[in-house]
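Student: Shown below is the structure under consideration.
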Amino acid sequence: MTSNSSADRALNILPVLILTLVIVGYPVAGILVEVTGLQHRLITYPYRGVVALLSVVAIVLSFYRGIGLLRATLAVTAFVALYGGRLIFDLLVAGNPAAPEATVVFFTTLVLPFASILLTLDTPIIEKRFQSLVLAFGGPVVVLALFFIFTRPEVIERGRATFCALNSISLAQVSAAVFLTAVVAMSRAEHRRSVALLALLSIVATLVFLYANSRGPILALLAATVFLVATDFRKVPFLLPGLVTVPIWLAVNFKGTSVVRDGSDGVAGRLGQLADAVKGVEIQVDGVPTIAGDASLALRWDALQSGVDGFLRNPLLGSYFVDPGKAIGLYPHNLIVETAMALGVVGLVLLAISMYQAAIATFRVVSTHHLLAVLFVQTAAMSMVSGAILGGRRLGSARRCRLVCRTASRDSRRNVSISRTYLRLTVALVNRLKVCIQACGIAENRAQAPQMPSHLVLKRTAQRGRHLHSLRDR
């Protein structure tokens, strides 16, 4: 009895902790590299090991306690299994040179955490606990990042804040997650001191996000913010600390640093390059053709075309997880194209089913798990412009948010059905009570009615008898 209760207590915290580590754990490892000065492998490899170990513990405890899988998770489970099969095929049969590293990363950072949360779907997710863990892990990351940005000028490289083991994309992603979490936490805070600290943290996260100067996270944060406001307009005032920070930061830094000005590396310049890329503008930079003067856009466009070519070679099952002639980092940076390249039409169908179920589940849990729904929208939007399936940091967190949202949706539907049952019972009891009250009122009125004297009753009875006899004689 005690062992079962201990397993239940452990499973109440492990899935939430694993989900938090997947979302903000890699930036924590990256900022620790900057703080300690150690090689990034000495930090990032133990981080992967911790996530894998916690996942294995959760899986073992779930089997020990008993598991219950949901049919709604079959599509996403089949998707992950199919992608794992693709990696194993590229490793053992096709001989893709990037397959060994990709297989290790995939199984340690995506498959094990995915399985741990899949097997613990019947464990309720406490929203406030998840919120506290995201702030506890992500808050120090953005605070330390802002400190290094102000104290180390070399952190700003080509108009973007980047660290040795934490690039600008991951930095912007974690700062956006901390900002959204702080906004939701402010709306739930009960004390003014907590609101003030969370507002300060949202300002810090906004500053780090601006210094990171990454276009993909900007689009993802806009999508998540629109969803946040559309689903709960009452949280708009809590967005103000971060929103007010943006024009002030732009005004202060416009003339003093290349982070903002219209150069090719500034915020305005990079957004302008994105607009020119949509138009198809080509510019020569040092004799090399680029898209809108941005070499990274040219590389991504080349990787995107490689993904389309891989799909066209084998439309049914795909051709490879990444082009063998390219480095492991040159994946299409788009979930749909990457799925088509690696898994073909079969994978696209599974992905469509999974994302449809995720969208339905997300809207159902808005009232009970708003933060989880908002972060799902952010990571799902981010998976369309950056990240890879095999890495699992963005796509994996989106899938795990989708699974948890599905569980929360099931719990909310269960609560709704119970509430409806109680409502029906209450209505039935009220109606029964009304009938009893009315019956009591009728009896009381009869009891209170004036009684006729006995001699008058006898007289009226005799008169009715004579009247009946006269009718019979006729």
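A note on labels: chains of the structure tokens are A, B, ... as shown, every chain counts residues from 1, and ligands are counted from 1 in their shown order.
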I want to know what sits within 9 Å of Leu180 of chain A, based on only C-alpha atoms, with residues of the same chain fewer than 4 positions away left out; could you give that as a compact mmCIF listing (two decimals) with N, CA and C atoms, in the first residue's frame?
Tutor:
```txt
# COMPACT_ATOMS: atom_id res chain seq x y z
N SER A 175 13.04 32.76 -23.67
CA SER A 175 12.59 34.04 -23.14
C SER A 175 11.11 34.27 -23.46
N ALA A 176 10.66 33.83 -24.63
CA ALA A 176 9.24 33.94 -24.97
C ALA A 176 8.39 33.05 -24.06
N VAL A 184 0.66 34.72 -17.56
CA VAL A 184 -0.40 33.87 -17.00
C VAL A 184 -0.30 33.83 -15.48
N ALA A 185 0.93 33.77 -14.95
CA ALA A 185 1.10 33.72 -13.49
C ALA A 185 0.64 35.03 -12.84
N SER A 202 8.85 39.53 -16.55
CA SER A 202 8.36 39.65 -17.92
C SER A 202 9.13 40.72 -18.69
N LEU A 221 5.83 33.86 -31.04
CA LEU A 221 5.31 34.62 -29.90
C LEU A 221 4.08 35.42 -30.30
N ALA A 224 1.19 32.96 -30.29
CA ALA A 224 0.79 32.59 -28.92
C ALA A 224 0.10 33.75 -28.21
N THR A 225 0.57 34.98 -28.45
CA THR A 225 -0.04 36.14 -27.81
C THR A 225 -1.46 36.37 -28.33
N LEU A 228 -3.57 33.83 -26.71
CA LEU A 228 -3.76 34.17 -25.30
C LEU A 228 -4.85 35.22 -25.12
N LEU A 239 -0.07 41.93 -20.07
CA LEU A 239 0.88 42.01 -21.17
C LEU A 239 1.58 43.37 -21.24
N LEU A 371 -2.13 28.00 -19.57
CA LEU A 371 -0.70 28.12 -19.86
C LEU A 371 -0.24 26.99 -20.77
N VAL A 374 -1.39 27.71 -24.28
CA VAL A 374 -0.65 28.81 -24.91
C VAL A 374 0.74 28.34 -25.34
N LEU A 375 1.43 27.60 -24.48
CA LEU A 375 2.76 27.11 -24.85
C LEU A 375 2.70 26.10 -25.98
```
Student: Counting only C-alpha atoms, what is within 12 Å of Val104 of chain A, bar same-chain residues fewer than 2 positions away, as a list in words?
Tutor: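 That gives Tyr45, Arg48, Gly49, Ala52, Gly84, Leu87, Ile88, Leu91, Ala98, Ala99, Pro100, Glu101, Ala102, Phe106, Phe107, Thr108, Thr109, Leu110, Val111, Leu112, Leu390, Gly391 and Gly392 of chain A.
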Student: Can you work out the spacing between atom CA of Met382 of chain A and atom CA of Leu219 of chain A in Å, to one decimal?
Tutor: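 It comes out at 7.7 Å.
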Student: Which residues, written as a list of chain:residue names, have at least one atom at most 7 Å from Tyr331 of chain A, with only C-alpha atoms counted and residues fewer than 4 positions away on the same chain left out?
Tutor: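 Surrounding residues, per the criterion: A:Ala303, A:Val322, A:Ala388.
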Student: Of the candidates A:Ala230, A:Lys235, A:Val155, A:Val252, which shows the shortest atom-to-atom distance to Ala212 of chain A, using only C-alpha atoms?
Tutor: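 The closest residue to Ala212 of chain A is A:Val155.
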Student: Which residue gives the smallest distance to Leu166 of chain A among A:Val195, A:Leu32, A:Ala58, A:Val93, with only C-alpha atoms counted?
Tutor: A:Leu32
Student: Determine the nearest neighbour of Thr44 of chain A from the options A:Leu119, A:Val308, A:Leu335, A:Val28, counting only C-alpha atoms.
Tutor: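 So, comparing all the options, the nearest one is A:Val28.
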Student: Measuring between only C-alpha atoms, which one of A:Thr379, A:Thr231, A:Ser354, A:Ser187 shows the shortest distance to Ser367 of chain A?
Tutor: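 Nearest to Ser367 of chain A: A:Thr231.
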Student: Which residues are close to Leu222 of chain A, i.e. within 9 Å by only C-alpha atoms, leaving aside same-chain residues fewer than 5 positions away? Reply as a list in words.
Tutor: Pro217, Phe227 and Gln378 of chain A
